[in-house]
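Peer 1: Provided herewith: data.cif, mmCIF, C-alpha atoms and all ligand atoms.
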```cif
data_entry
#
loop_
_atom_site.label_atom_id
_atom_site.label_comp_id
_atom_site.auth_asym_id
_atom_site.auth_seq_id
_atom_site.Cartn_x
_atom_site.Cartn_y
_atom_site.Cartn_z
CA MET F 1 -168.66 31.93 150.02
CA GLN F 2 -171.56 34.33 150.52
CA ASN F 3 -171.29 37.70 148.75
CA LYS F 4 -170.78 40.73 150.96
CA GLN F 5 -173.85 42.95 151.25
CA PHE F 6 -173.50 46.72 151.06
CA ARG F 7 -176.27 48.99 152.31
CA VAL F 8 -176.11 52.54 151.05
CA GLY F 9 -177.33 55.65 152.88
CA LEU F 10 -178.02 58.34 150.28
CA ILE F 11 -177.95 62.06 151.10
CA GLY F 12 -179.77 64.17 148.52
CA PHE F 13 -182.32 63.15 145.90
CA GLY F 14 -182.03 65.83 143.25
CA ASN F 15 -180.48 65.14 139.85
CA MET F 16 -177.60 63.15 141.22
CA GLY F 17 -179.30 61.38 144.11
CA ARG F 18 -181.79 60.05 141.59
CA THR F 19 -178.94 59.06 139.26
CA HIS F 20 -177.08 57.19 142.01
CA ALA F 21 -180.27 55.45 143.18
CA TRP F 22 -180.83 54.33 139.57
CA CYS F 23 -177.27 52.93 139.44
CA ILE F 24 -177.70 50.97 142.69
CA ARG F 25 -180.96 49.46 141.47
CA ASN F 26 -179.68 48.61 137.99
CA ILE F 27 -176.30 47.03 138.70
CA PRO F 28 -177.71 43.44 138.57
CA PHE F 29 -179.09 44.06 135.04
CA PHE F 30 -175.76 45.16 133.63
CA PHE F 31 -173.18 43.02 135.48
CA ASP F 32 -173.17 39.24 135.80
CA PRO F 33 -171.88 37.81 138.04
CA VAL F 34 -171.93 40.61 140.62
CA PRO F 35 -169.50 39.62 143.40
CA PHE F 36 -171.42 41.61 146.05
CA SER F 37 -174.95 42.78 146.63
CA VAL F 38 -175.93 46.38 147.11
CA SER F 39 -179.15 48.00 148.26
CA LEU F 40 -180.42 51.49 148.98
CA GLU F 41 -181.19 51.40 152.71
CA ALA F 42 -181.85 55.00 153.70
CA LEU F 43 -182.40 58.49 152.36
CA CYS F 44 -182.13 62.01 153.75
CA THR F 45 -182.98 65.19 151.82
CA ALA F 46 -183.56 68.79 152.87
CA HIS F 47 -187.34 68.19 152.91
CA PRO F 48 -188.70 65.52 155.30
CA ASP F 49 -192.00 65.25 153.37
CA LYS F 50 -190.17 64.66 150.13
CA THR F 51 -187.83 62.15 151.80
CA ARG F 52 -190.81 60.14 153.03
CA SER F 53 -192.65 60.24 149.72
CA VAL F 54 -189.53 59.22 147.76
CA CYS F 55 -188.87 56.38 150.22
CA GLY F 56 -192.46 55.18 149.79
CA ARG F 57 -192.33 55.43 146.01
CA PHE F 58 -188.98 53.67 145.61
CA GLY F 59 -189.27 51.21 148.50
CA ILE F 60 -186.34 52.68 150.45
CA PRO F 61 -186.66 51.27 154.01
CA LYS F 62 -185.51 54.25 156.10
CA ALA F 63 -186.30 57.97 155.80
CA TYR F 64 -184.07 60.26 157.85
CA ASP F 65 -184.61 63.94 158.69
CA ASP F 66 -181.09 64.31 160.00
CA VAL F 67 -177.89 63.70 158.00
CA GLU F 68 -175.77 62.75 161.04
CA ALA F 69 -178.35 60.19 162.17
CA LEU F 70 -178.26 58.54 158.74
CA ILE F 71 -174.45 58.53 158.72
CA ASN F 72 -174.31 56.93 162.18
CA ASP F 73 -176.91 54.25 161.46
CA PRO F 74 -174.99 51.02 162.18
CA ASP F 75 -176.91 49.20 159.42
CA ILE F 76 -175.39 51.46 156.76
CA ASP F 77 -172.01 50.60 155.21
CA ILE F 78 -171.64 53.25 152.49
CA ILE F 79 -172.48 56.96 152.63
CA ASP F 80 -173.35 58.44 149.25
CA ILE F 81 -173.18 62.27 149.17
CA CYS F 82 -175.31 64.03 146.53
CA THR F 83 -175.93 67.41 148.19
CA PRO F 84 -174.92 70.93 147.11
CA ASN F 85 -171.13 71.38 147.33
CA ILE F 86 -171.03 73.51 150.48
CA LEU F 87 -172.55 70.60 152.45
CA HIS F 88 -170.00 67.97 151.40
CA TYR F 89 -167.34 68.79 154.03
CA ASP F 90 -169.48 68.25 157.15
CA ALA F 91 -170.97 65.03 155.78
CA LEU F 92 -167.53 63.77 154.73
CA GLN F 93 -166.09 64.50 158.16
CA ALA F 94 -168.95 62.73 159.92
CA ALA F 95 -168.80 59.74 157.56
CA VAL F 96 -165.03 59.30 157.98
CA SER F 97 -165.36 59.44 161.75
CA ALA F 98 -168.24 56.93 161.58
CA LYS F 99 -165.79 54.64 159.68
CA LYS F 100 -167.96 54.31 156.59
CA SER F 101 -166.92 53.94 152.96
CA ILE F 102 -167.92 57.05 151.01
CA TYR F 103 -168.98 57.83 147.44
CA CYS F 104 -169.02 61.62 147.05
CA GLU F 105 -170.15 63.76 144.13
CA LYS F 106 -167.70 66.25 142.67
CA PRO F 107 -166.25 68.64 143.62
CA LEU F 108 -164.95 66.99 146.78
CA CYS F 109 -165.30 70.21 148.81
CA VAL F 110 -165.43 73.97 148.23
CA SER F 111 -161.78 74.76 149.01
CA VAL F 112 -158.31 73.23 149.00
CA LYS F 113 -158.18 73.65 152.78
CA GLU F 114 -161.29 71.51 153.25
CA ALA F 115 -160.30 68.93 150.61
CA ASP F 116 -156.80 68.47 152.08
CA GLU F 117 -158.29 68.13 155.56
CA ILE F 118 -160.65 65.38 154.38
CA VAL F 119 -157.77 63.51 152.73
CA ARG F 120 -155.76 63.88 155.96
CA LEU F 121 -158.68 62.50 158.01
CA THR F 122 -159.11 59.49 155.70
CA GLN F 123 -155.39 58.73 155.81
CA ALA F 124 -155.33 59.05 159.62
CA SER F 125 -158.43 56.92 160.14
CA PRO F 126 -157.65 53.78 162.17
CA VAL F 127 -159.98 51.81 159.87
CA GLN F 128 -159.15 52.12 156.18
CA LYS F 129 -162.35 52.28 154.13
CA THR F 130 -162.89 53.06 150.42
CA TYR F 131 -163.28 56.73 149.52
CA GLY F 132 -164.40 57.48 145.97
CA ILE F 133 -165.15 60.70 144.13
CA VAL F 134 -167.56 60.79 141.18
CA PHE F 135 -165.62 61.65 138.04
CA HIS F 136 -167.88 59.49 135.92
CA ASN F 137 -166.73 60.85 132.54
CA ARG F 138 -163.74 58.55 132.82
CA PHE F 139 -166.21 55.67 132.53
CA PHE F 140 -167.73 56.30 129.11
CA ALA F 141 -166.67 53.35 126.96
CA ALA F 142 -164.92 55.76 124.57
CA CYS F 143 -162.96 57.40 127.42
CA LEU F 144 -161.89 53.98 128.73
CA LYS F 145 -160.68 53.18 125.20
CA ALA F 146 -158.91 56.54 124.93
CA LYS F 147 -157.06 55.86 128.21
CA GLU F 148 -156.06 52.41 126.96
CA LEU F 149 -154.66 53.79 123.68
CA ILE F 150 -152.75 56.58 125.45
CA ASP F 151 -151.31 54.16 128.03
CA GLN F 152 -150.19 51.89 125.16
CA GLY F 153 -148.21 54.84 123.81
CA ARG F 154 -150.22 55.01 120.59
CA LEU F 155 -150.17 58.83 120.58
CA GLY F 156 -146.46 59.03 121.38
CA LYS F 157 -145.40 62.08 123.35
CA ILE F 158 -148.48 64.23 123.94
CA LEU F 159 -147.98 67.74 122.55
CA GLN F 160 -151.33 69.46 122.54
CA PHE F 161 -154.90 69.27 123.83
CA ARG F 162 -158.23 71.02 123.87
CA VAL F 163 -161.03 70.16 126.32
CA ASP F 164 -164.35 72.00 126.16
CA TYR F 165 -167.40 71.56 128.36
CA LEU F 166 -170.15 73.83 127.06
CA HIS F 167 -173.71 74.39 128.28
CA ASN F 168 -176.28 77.08 127.44
CA SER F 169 -178.08 77.11 130.81
CA CYS F 170 -177.12 80.70 131.83
CA LEU F 171 -177.88 82.29 128.46
CA ASP F 172 -181.42 83.32 129.33
CA PRO F 173 -181.16 86.38 131.64
CA ASN F 174 -184.79 85.80 132.70
CA ARG F 175 -183.98 82.38 134.11
CA ARG F 176 -183.62 82.43 137.90
CA ALA F 177 -180.23 81.63 139.41
CA GLY F 178 -179.91 78.21 141.03
CA TRP F 179 -177.44 77.25 143.76
CA LYS F 180 -174.77 76.58 141.11
CA GLN F 181 -174.80 80.33 140.34
CA ASP F 182 -174.26 81.18 144.01
CA GLN F 183 -170.67 80.97 145.23
CA SER F 184 -171.75 80.70 148.84
CA ILE F 185 -173.33 77.30 148.07
CA CYS F 186 -171.41 76.09 145.02
CA GLY F 187 -168.01 77.30 146.24
CA GLY F 188 -167.22 78.59 142.74
CA GLY F 189 -169.00 78.94 139.43
CA VAL F 190 -168.90 76.91 136.25
CA LEU F 191 -165.26 76.07 137.01
CA PHE F 192 -166.39 74.07 140.06
CA ASP F 193 -169.37 72.59 138.26
CA LEU F 194 -168.26 71.63 134.73
CA GLY F 195 -164.60 72.54 135.18
CA SER F 196 -163.97 69.85 137.79
CA HIS F 197 -165.07 67.24 135.22
CA ALA F 198 -163.03 68.76 132.38
CA LEU F 199 -159.86 69.05 134.49
CA ASP F 200 -160.23 65.51 135.76
CA LEU F 201 -160.71 64.07 132.27
CA LEU F 202 -157.73 66.02 130.95
CA THR F 203 -155.34 65.06 133.75
CA HIS F 204 -156.57 61.46 133.81
CA LEU F 205 -155.84 61.08 130.09
CA ALA F 206 -152.92 63.43 129.45
CA GLY F 207 -151.10 63.87 132.79
CA PRO F 208 -150.73 66.28 135.71
CA VAL F 209 -150.61 70.06 135.34
CA LYS F 210 -147.55 72.28 135.73
CA GLU F 211 -149.02 75.72 135.11
CA ILE F 212 -152.43 77.35 134.65
CA PHE F 213 -153.45 80.71 133.23
CA GLY F 214 -157.14 81.36 133.90
CA ARG F 215 -159.70 83.92 132.82
CA SER F 216 -163.22 84.14 134.18
CA GLN F 217 -166.34 85.66 132.59
CA ILE F 218 -169.75 86.72 133.83
CA ALA F 219 -171.98 87.84 130.93
CA PHE F 220 -175.30 88.23 132.76
CA LYS F 221 -174.55 89.99 136.02
CA HIS F 222 -178.16 90.67 137.00
CA ARG F 223 -180.95 88.13 137.12
CA LEU F 224 -183.50 86.92 139.65
CA GLY F 225 -182.31 84.79 142.52
CA VAL F 226 -183.73 81.49 143.79
CA ASP F 227 -186.42 83.36 145.76
CA GLY F 228 -187.38 85.65 142.86
CA THR F 229 -185.69 88.80 144.21
CA PRO F 230 -183.03 90.67 142.17
CA TRP F 231 -179.74 88.81 142.28
CA GLU F 232 -176.22 89.88 141.33
CA THR F 233 -174.32 86.90 139.97
CA ASN F 234 -171.10 86.19 141.86
CA ALA F 235 -170.14 82.93 140.15
CA ASP F 236 -168.30 82.63 136.82
CA GLU F 237 -170.53 81.70 133.89
CA ALA F 238 -167.56 80.84 131.69
CA PHE F 239 -163.95 80.04 132.56
CA TYR F 240 -161.04 79.77 130.13
CA MET F 241 -157.71 78.10 130.93
CA LEU F 242 -154.38 77.87 129.13
CA LEU F 243 -152.49 74.97 130.68
CA THR F 244 -149.04 73.42 130.46
CA LEU F 245 -148.74 69.85 131.70
CA GLN F 246 -145.73 68.42 133.48
CA ASN F 247 -144.92 66.45 130.31
CA GLY F 248 -144.70 69.73 128.36
CA ALA F 249 -148.00 69.38 126.48
CA THR F 250 -149.87 72.66 126.16
CA GLY F 251 -153.51 73.39 125.48
CA THR F 252 -156.78 74.89 126.58
CA VAL F 253 -159.76 73.99 128.73
CA THR F 254 -162.94 76.03 128.24
CA VAL F 255 -165.98 75.55 130.44
CA SER F 256 -169.10 77.59 129.98
CA LYS F 257 -172.83 77.94 130.60
CA ILE F 258 -173.24 80.74 128.09
CA SER F 259 -172.55 78.84 124.86
CA SER F 260 -175.38 79.28 122.35
CA GLY F 261 -176.66 76.14 120.71
CA THR F 262 -175.02 73.69 123.10
CA ASN F 263 -176.60 71.13 125.43
CA ASP F 264 -174.16 68.95 127.39
CA ASP F 265 -171.19 69.39 125.05
CA LEU F 266 -168.10 67.86 126.63
CA SER F 267 -165.40 67.18 124.06
CA PHE F 268 -161.65 66.71 123.75
CA TYR F 269 -158.83 66.60 121.24
CA ILE F 270 -155.51 65.16 122.41
CA GLY F 271 -152.65 65.20 119.93
CA GLY F 272 -149.24 63.55 120.17
CA GLU F 273 -146.18 62.98 117.96
CA LYS F 274 -147.58 59.67 116.65
CA GLY F 275 -151.34 60.09 116.79
CA ALA F 276 -154.40 61.90 118.07
CA LEU F 277 -157.80 61.27 119.66
CA ARG F 278 -161.08 63.17 119.36
CA TRP F 279 -164.31 62.60 121.28
CA SER F 280 -167.54 64.37 122.06
CA LEU F 281 -170.20 63.50 124.64
CA VAL F 282 -172.95 64.40 122.18
CA GLN F 283 -171.67 61.57 119.95
CA MET F 284 -170.41 59.51 122.85
CA ASP F 285 -170.38 56.12 121.19
CA ILE F 286 -167.60 56.92 118.71
CA LEU F 287 -163.95 57.61 119.54
CA GLU F 288 -161.97 59.12 116.67
CA PHE F 289 -158.36 57.94 116.37
CA PHE F 290 -155.61 59.08 114.04
CA GLU F 291 -152.30 57.22 113.71
CA ALA F 292 -149.55 58.90 111.72
CA ASP F 293 -148.10 55.63 110.44
CA ALA F 294 -151.44 54.01 109.49
CA SER F 295 -152.41 53.58 105.85
CA VAL F 296 -155.53 55.70 106.44
CA PRO F 297 -154.66 59.40 106.03
CA GLY F 298 -157.22 60.75 108.54
CA PHE F 299 -159.14 59.93 111.70
CA VAL F 300 -160.82 56.51 111.88
CA GLN F 301 -163.93 55.92 113.96
CA ILE F 302 -163.73 53.33 116.75
CA PRO F 303 -167.27 52.15 117.61
CA CYS F 304 -167.34 51.97 121.43
CA PHE F 305 -171.11 51.81 122.12
CA SER F 306 -171.75 49.47 125.12
CA ARG F 307 -168.43 47.63 124.84
CA TYR F 308 -167.54 47.38 128.51
CA PRO F 309 -165.25 44.74 130.05
CA GLU F 310 -166.62 41.66 131.83
CA PRO F 311 -168.60 41.10 134.00
CA SER F 312 -170.49 43.70 131.94
CA GLY F 313 -170.82 44.27 128.22
CA PHE F 314 -173.52 41.63 127.51
CA PHE F 315 -176.60 43.77 128.27
CA PRO F 316 -177.65 45.74 126.41
CA SER F 317 -175.81 44.32 123.39
CA PRO F 318 -172.22 45.64 123.03
CA LYS F 319 -173.47 47.28 119.82
CA ALA F 320 -176.20 49.27 121.62
CA PRO F 321 -175.74 53.03 122.06
CA ALA F 322 -174.76 53.62 125.66
CA GLY F 323 -176.18 56.88 127.12
CA TRP F 324 -175.18 59.25 129.93
CA LEU F 325 -176.42 57.04 132.78
CA ARG F 326 -174.23 54.15 131.60
CA ALA F 327 -171.01 55.96 132.63
CA HIS F 328 -172.48 56.67 136.09
CA LEU F 329 -173.41 53.00 136.39
CA GLN F 330 -169.87 51.91 135.48
CA SER F 331 -168.43 54.47 137.90
CA TYR F 332 -170.63 53.20 140.76
CA TYR F 333 -169.83 49.56 139.98
CA SER F 334 -166.11 50.34 139.90
CA PHE F 335 -166.36 52.07 143.31
CA LEU F 336 -168.26 49.11 144.82
CA THR F 337 -165.70 46.67 143.42
CA HIS F 338 -163.00 48.55 145.34
CA VAL F 339 -165.19 48.54 148.47
CA ASN F 340 -165.68 44.78 148.05
CA LEU F 341 -161.92 44.22 147.81
CA ASN F 342 -161.36 46.66 150.69
CA GLU F 343 -158.94 48.73 148.60
CA PRO F 344 -158.60 52.44 147.68
CA ALA F 345 -161.06 53.85 145.16
CA ASP F 346 -160.04 55.09 141.72
CA PRO F 347 -160.77 57.99 141.30
CA SER F 348 -160.01 58.60 144.97
CA PHE F 349 -160.40 61.50 147.39
CA GLU F 350 -156.71 62.28 146.71
CA GLN F 351 -157.62 62.82 143.05
CA GLY F 352 -160.63 64.89 144.10
CA ALA F 353 -158.36 67.07 146.26
CA TYR F 354 -155.91 67.39 143.34
CA ILE F 355 -158.66 68.83 141.12
CA GLN F 356 -159.55 71.22 143.98
CA HIS F 357 -155.91 72.45 143.91
CA LEU F 358 -156.11 72.99 140.13
CA MET F 359 -159.36 74.95 140.40
CA GLU F 360 -158.03 77.15 143.17
CA ALA F 361 -154.87 77.82 141.11
CA ALA F 362 -157.06 78.73 138.13
CA TYR F 363 -159.08 81.22 140.20
CA ARG F 364 -155.90 82.72 141.64
CA SER F 365 -154.46 83.10 138.15
CA ALA F 366 -157.60 84.90 136.94
CA GLU F 367 -157.43 87.17 139.97
CA ILE F 368 -153.78 88.19 139.50
CA ASN F 369 -153.93 87.99 135.69
CA ALA F 370 -150.80 85.86 135.51
CA PRO F 371 -149.95 82.15 135.22
CA VAL F 372 -149.85 80.12 138.44
CA THR F 373 -147.57 77.12 138.95
CA VAL F 374 -149.21 74.02 140.38
CA GLY F 375 -146.85 72.30 142.76
CA ARG F 376 -148.47 69.01 143.46
CA ALA F 377 -149.48 65.92 141.48
CA PRO F 378 -152.29 63.59 142.62
N1 LIG F 401 -171.27 63.88 138.31
C1 LIG F 401 -172.26 64.51 137.70
O1 LIG F 401 -172.64 64.17 136.59
C2 LIG F 401 -172.94 65.65 138.40
C3 LIG F 401 -173.97 66.36 137.74
C4 LIG F 401 -174.64 67.34 138.46
C5 LIG F 401 -174.28 67.64 139.79
N2 LIG F 401 -173.26 66.94 140.37
C6 LIG F 401 -172.89 67.18 141.78
O2 LIG F 401 -173.84 66.46 142.58
C7 LIG F 401 -174.13 67.18 143.78
C8 LIG F 401 -175.65 67.42 143.86
O3 LIG F 401 -176.06 68.15 142.72
P1 LIG F 401 -177.55 68.04 142.15
O4 LIG F 401 -177.50 68.61 140.78
O5 LIG F 401 -178.09 66.66 142.35
O6 LIG F 401 -178.29 69.07 143.14
P2 LIG F 401 -179.85 69.23 143.38
O7 LIG F 401 -180.05 70.63 143.79
O8 LIG F 401 -180.61 68.69 142.21
O9 LIG F 401 -180.16 68.26 144.62
C9 LIG F 401 -179.61 68.50 145.89
C10 LIG F 401 -180.25 67.55 146.89
O10 LIG F 401 -179.62 67.80 148.15
C11 LIG F 401 -180.63 67.88 149.15
N3 LIG F 401 -180.19 68.73 150.26
C12 LIG F 401 -179.95 70.06 150.26
N4 LIG F 401 -179.61 70.48 151.51
C13 LIG F 401 -179.63 69.37 152.29
C14 LIG F 401 -179.39 69.14 153.66
N5 LIG F 401 -179.04 70.14 154.49
N6 LIG F 401 -179.51 67.88 154.14
C15 LIG F 401 -179.88 66.85 153.33
N7 LIG F 401 -180.11 67.01 152.02
C16 LIG F 401 -179.99 68.24 151.50
C17 LIG F 401 -181.83 68.50 148.44
O11 LIG F 401 -183.04 68.22 149.15
C18 LIG F 401 -181.75 67.78 147.09
O12 LIG F 401 -182.41 66.53 147.18
C19 LIG F 401 -173.31 68.47 143.70
O13 LIG F 401 -172.12 68.30 144.44
C20 LIG F 401 -172.99 68.64 142.22
O14 LIG F 401 -171.78 69.31 141.97
C21 LIG F 401 -172.60 65.97 139.71
#
```
How would this structure read if it were set down as structure tokens?
Peer 2:
Amino acid sequence: MQNKQFRVGLIGFGNMGRTHAWCIRNIPFFFDPVPFSVSLEALCTAHPDKTRSVCGRFGIPKAYDDVEALINDPDIDIIDICTPNILHYDALQAAVSAKKSIYCEKPLCVSVKEADEIVRLTQASPVQKTYGIVFHNRFFAACLKAKELIDQGRLGKILQFRVDYLHNSCLDPNRRAGWKQDQSICGGGVLFDLGSHALDLLTHLAGPVKEIFGRSQIAFKHRLGVDGTPWETNADEAFYMLLTLQNGATGTVTVSKISSGTNDDLSFYIGGEKGALRWSLVQMDILEFFEADASVPGFVQIPCFSRYPEPSGFFPSPKAPAGWLRAHLQSYYSFLTHVNLNEPADPSFEQGAYIQHLMEAAYRSAEINAPVTVGRAP
């Protein structure tokens, strides 16, 4: 039987559009056999000249000036959304009504109201397509291994956790604000940007949240804006959360862009009655595992490197260090596999909306200076 062919229409070609385009192009190198074929058919960015030059450079057949026209192109099967957060909702709405499968960057939207509405539209659609959100951190080989060990019960009852996602990008007060420092485009601050990843990884590994106590921080209130004029920061530069999960585990999530000496420092510790796990993105290839009843009295290192399940894991060698792009590649492949089987994505829009609920609860808690109970699970 002939493989299905998926043609992707990509919206946005900044950091993440480029990353997704790289994934689409590289899937055949890393997976064999690939039970479908995928190509990048069309691109739309905010700048028509740039769209055309990128299309020429990367051999993308169609350059669009208009997002809706790209979404409604009958030759396109999958809409891939890589635009600033505030633009996700309109594109999502249009793509659902055009009956396309969708791969959308995090956060799903800029509010719970929007996110819930998108989930409602997908569930009400007469044609069920595949709707995936990009929480790619789940797809580092070490995070896949951590999930496997937790699901096997190797940690026992989870008691405690710490998740940190630390950057230094807002430390220089002379650096101009980008759209991620502007709530009217980002929807929030670092909580929306890095926090959505940290909350997803935590809840994916350790379970849904019962209660959040949040505290927000802006250290550099005044800097220059995107256009070089004085700008008063309205988006959190650091956000601290004390959380209790529905299983009783308690711990903290800290996300920040004002952490001296850091780069892209995502890390976690998850501790249970029988064992514990530790991992850091800056040493992504090693998962540290402690088992209380093992003969070794401390953490052992599990080499994860490029050890991915078939039909991957042969190139580069399973022993080769993996890299940041590798998790995005695995995430994209996983999404396309669900599209190919015509089944729901994992992580899905429902999970994206769940993280939106957690972030809104965290902001509300910071505002009222009291813990907020989170009613719903994904
Ligand atoms: N998963 C991850 O690792 C990760 C990392 C960074 C950002 N993100 C998310 O990815 C998304 C994009 O972030 P980014 O860092 O790539 O942003 P970016 O600023 O680098 O790029 C944004 C792109 O969107 C395009 N764009 C802006 N307005 C548009 C419009 N009206 N119509 C069409 N195109 C338009 C711009 O031309 C640009 O190509 C955001 O939702 C962000 O939260 C995810």
Peer 1: So that I can see what lies close to range 296-306 of chain F, please list as a list in words the residues with an atom at most 8 Å from it, counting only C-alpha atoms and leaving out residues fewer than 2 positions away in the same chain.
Peer 2: Ala141, Ala142, Lys145, Met284, Asp285, Ile286, Leu287, Glu288, Phe289, Phe290, Glu291, Ala292, Ala294, Tyr308, Gly313, Pro316, Ser317, Pro318, Lys319, Ala320, Pro321 and Ala322 of chain F
Peer 1: Please return as a PDB file with C-alpha atoms, in the coordinates of the input the residues found within 9 Å of ligand LIG 401 (chain F), counting only C-alpha atoms and all ligand atoms.
Peer 2:
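For reference, pocket_30.pdb as written:
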```pdb
ATOM      1  CA  ILE F  11    -177.950  62.060 151.100  1.00  0.00           C
ATOM      2  CA  GLY F  12    -179.770  64.170 148.520  1.00  0.00           C
ATOM      3  CA  PHE F  13    -182.320  63.150 145.900  1.00  0.00           C
ATOM      4  CA  GLY F  14    -182.030  65.830 143.250  1.00  0.00           C
ATOM      5  CA  ASN F  15    -180.480  65.140 139.850  1.00  0.00           C
ATOM      6  CA  MET F  16    -177.600  63.150 141.220  1.00  0.00           C
ATOM      7  CA  GLY F  17    -179.300  61.380 144.110  1.00  0.00           C
ATOM      8  CA  ARG F  18    -181.790  60.050 141.590  1.00  0.00           C
ATOM      9  CA  THR F  19    -178.940  59.060 139.260  1.00  0.00           C
ATOM     10  CA  LEU F  43    -182.400  58.490 152.360  1.00  0.00           C
ATOM     11  CA  CYS F  44    -182.130  62.010 153.750  1.00  0.00           C
ATOM     12  CA  THR F  45    -182.980  65.190 151.820  1.00  0.00           C
ATOM     13  CA  ALA F  46    -183.560  68.790 152.870  1.00  0.00           C
ATOM     14  CA  HIS F  47    -187.340  68.190 152.910  1.00  0.00           C
ATOM     15  CA  PRO F  48    -188.700  65.520 155.300  1.00  0.00           C
ATOM     16  CA  LYS F  50    -190.170  64.660 150.130  1.00  0.00           C
ATOM     17  CA  THR F  51    -187.830  62.150 151.800  1.00  0.00           C
ATOM     18  CA  ASP F  65    -184.610  63.940 158.690  1.00  0.00           C
ATOM     19  CA  ASP F  66    -181.090  64.310 160.000  1.00  0.00           C
ATOM     20  CA  VAL F  67    -177.890  63.700 158.000  1.00  0.00           C
ATOM     21  CA  ILE F  81    -173.180  62.270 149.170  1.00  0.00           C
ATOM     22  CA  CYS F  82    -175.310  64.030 146.530  1.00  0.00           C
ATOM     23  CA  THR F  83    -175.930  67.410 148.190  1.00  0.00           C
ATOM     24  CA  PRO F  84    -174.920  70.930 147.110  1.00  0.00           C
ATOM     25  CA  ASN F  85    -171.130  71.380 147.330  1.00  0.00           C
ATOM     26  CA  ILE F  86    -171.030  73.510 150.480  1.00  0.00           C
ATOM     27  CA  LEU F  87    -172.550  70.600 152.450  1.00  0.00           C
ATOM     28  CA  HIS F  88    -170.000  67.970 151.400  1.00  0.00           C
ATOM     29  CA  CYS F 104    -169.020  61.620 147.050  1.00  0.00           C
ATOM     30  CA  GLU F 105    -170.150  63.760 144.130  1.00  0.00           C
ATOM     31  CA  LYS F 106    -167.700  66.250 142.670  1.00  0.00           C
ATOM     32  CA  PRO F 107    -166.250  68.640 143.620  1.00  0.00           C
ATOM     33  CA  LEU F 108    -164.950  66.990 146.780  1.00  0.00           C
ATOM     34  CA  CYS F 109    -165.300  70.210 148.810  1.00  0.00           C
ATOM     35  CA  VAL F 134    -167.560  60.790 141.180  1.00  0.00           C
ATOM     36  CA  PHE F 135    -165.620  61.650 138.040  1.00  0.00           C
ATOM     37  CA  HIS F 136    -167.880  59.490 135.920  1.00  0.00           C
ATOM     38  CA  ASN F 137    -166.730  60.850 132.540  1.00  0.00           C
ATOM     39  CA  GLY F 178    -179.910  78.210 141.030  1.00  0.00           C
ATOM     40  CA  TRP F 179    -177.440  77.250 143.760  1.00  0.00           C
ATOM     41  CA  LYS F 180    -174.770  76.580 141.110  1.00  0.00           C
ATOM     42  CA  CYS F 186    -171.410  76.090 145.020  1.00  0.00           C
ATOM     43  CA  PHE F 192    -166.390  74.070 140.060  1.00  0.00           C
ATOM     44  CA  ASP F 193    -169.370  72.590 138.260  1.00  0.00           C
ATOM     45  CA  LEU F 194    -168.260  71.630 134.730  1.00  0.00           C
ATOM     46  CA  SER F 196    -163.970  69.850 137.790  1.00  0.00           C
ATOM     47  CA  HIS F 197    -165.070  67.240 135.220  1.00  0.00           C
ATOM     48  CA  TRP F 324    -175.180  59.250 129.930  1.00  0.00           C
ATOM     49  CA  LEU F 325    -176.420  57.040 132.780  1.00  0.00           C
ATOM     50  CA  HIS F 328    -172.480  56.670 136.090  1.00  0.00           C
TER      51      HIS F 328
END
```
Peer 1: How many Å separate CA of Val253 in chain F from CA of Tyr89 in chain F?
Peer 2: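 A separation of 26.9 Å between them.
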Peer 1: Which is closest to Lys4 in chain F among F:Ser97, F:Ser125, F:Leu341, F:Val282, if we use all atoms listed in the file?
Peer 2: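 Looking only at the distances to Lys4 in chain F, the closest residue turns out to be F:Leu341.
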Peer 1: By how many Å are CA of Ser184 in chain F and CA of Leu10 in chain F apart?
Peer 2: 23.3 Å
Peer 1: Interatomic distance between CA of Leu149 in chain F and CA of Ser312 in chain F?
Peer 2: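 According to the coordinates, CA of Leu149 in chain F and CA of Ser312 in chain F are separated by 20.5 Å.
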Peer 1: Starting from the sparse input, extend range 35-41 of chain F to N, CA and C atoms and give the output as a PDB file, in the frame of the given file.
Peer 2:
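Once everything was written out, this is rebuild_4.pdb:
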```
ATOM      1  N   PRO F  35    -170.112  40.289 142.241  1.00  0.00           N
ATOM      2  CA  PRO F  35    -169.500  39.620 143.400  1.00  0.00           C
ATOM      3  C   PRO F  35    -169.877  40.226 144.744  1.00  0.00           C
ATOM      4  N   PHE F  36    -170.932  41.017 144.787  1.00  0.00           N
ATOM      5  CA  PHE F  36    -171.420  41.610 146.050  1.00  0.00           C
ATOM      6  C   PHE F  36    -172.886  41.920 145.823  1.00  0.00           C
ATOM      7  N   SER F  37    -173.604  42.252 146.881  1.00  0.00           N
ATOM      8  CA  SER F  37    -174.950  42.780 146.630  1.00  0.00           C
ATOM      9  C   SER F  37    -175.050  44.149 147.282  1.00  0.00           C
ATOM     10  N   VAL F  38    -175.840  44.996 146.668  1.00  0.00           N
ATOM     11  CA  VAL F  38    -175.930  46.380 147.110  1.00  0.00           C
ATOM     12  C   VAL F  38    -177.388  46.793 147.143  1.00  0.00           C
ATOM     13  N   SER F  39    -177.768  47.525 148.181  1.00  0.00           N
ATOM     14  CA  SER F  39    -179.150  48.000 148.260  1.00  0.00           C
ATOM     15  C   SER F  39    -179.164  49.416 148.823  1.00  0.00           C
ATOM     16  N   LEU F  40    -180.235  50.127 148.485  1.00  0.00           N
ATOM     17  CA  LEU F  40    -180.420  51.490 148.980  1.00  0.00           C
ATOM     18  C   LEU F  40    -181.248  51.393 150.263  1.00  0.00           C
ATOM     19  N   GLU F  41    -180.584  51.663 151.400  1.00  0.00           N
ATOM     20  CA  GLU F  41    -181.190  51.400 152.710  1.00  0.00           C
ATOM     21  C   GLU F  41    -181.891  52.612 153.288  1.00  0.00           C
TER      22      GLU F  41
END
```
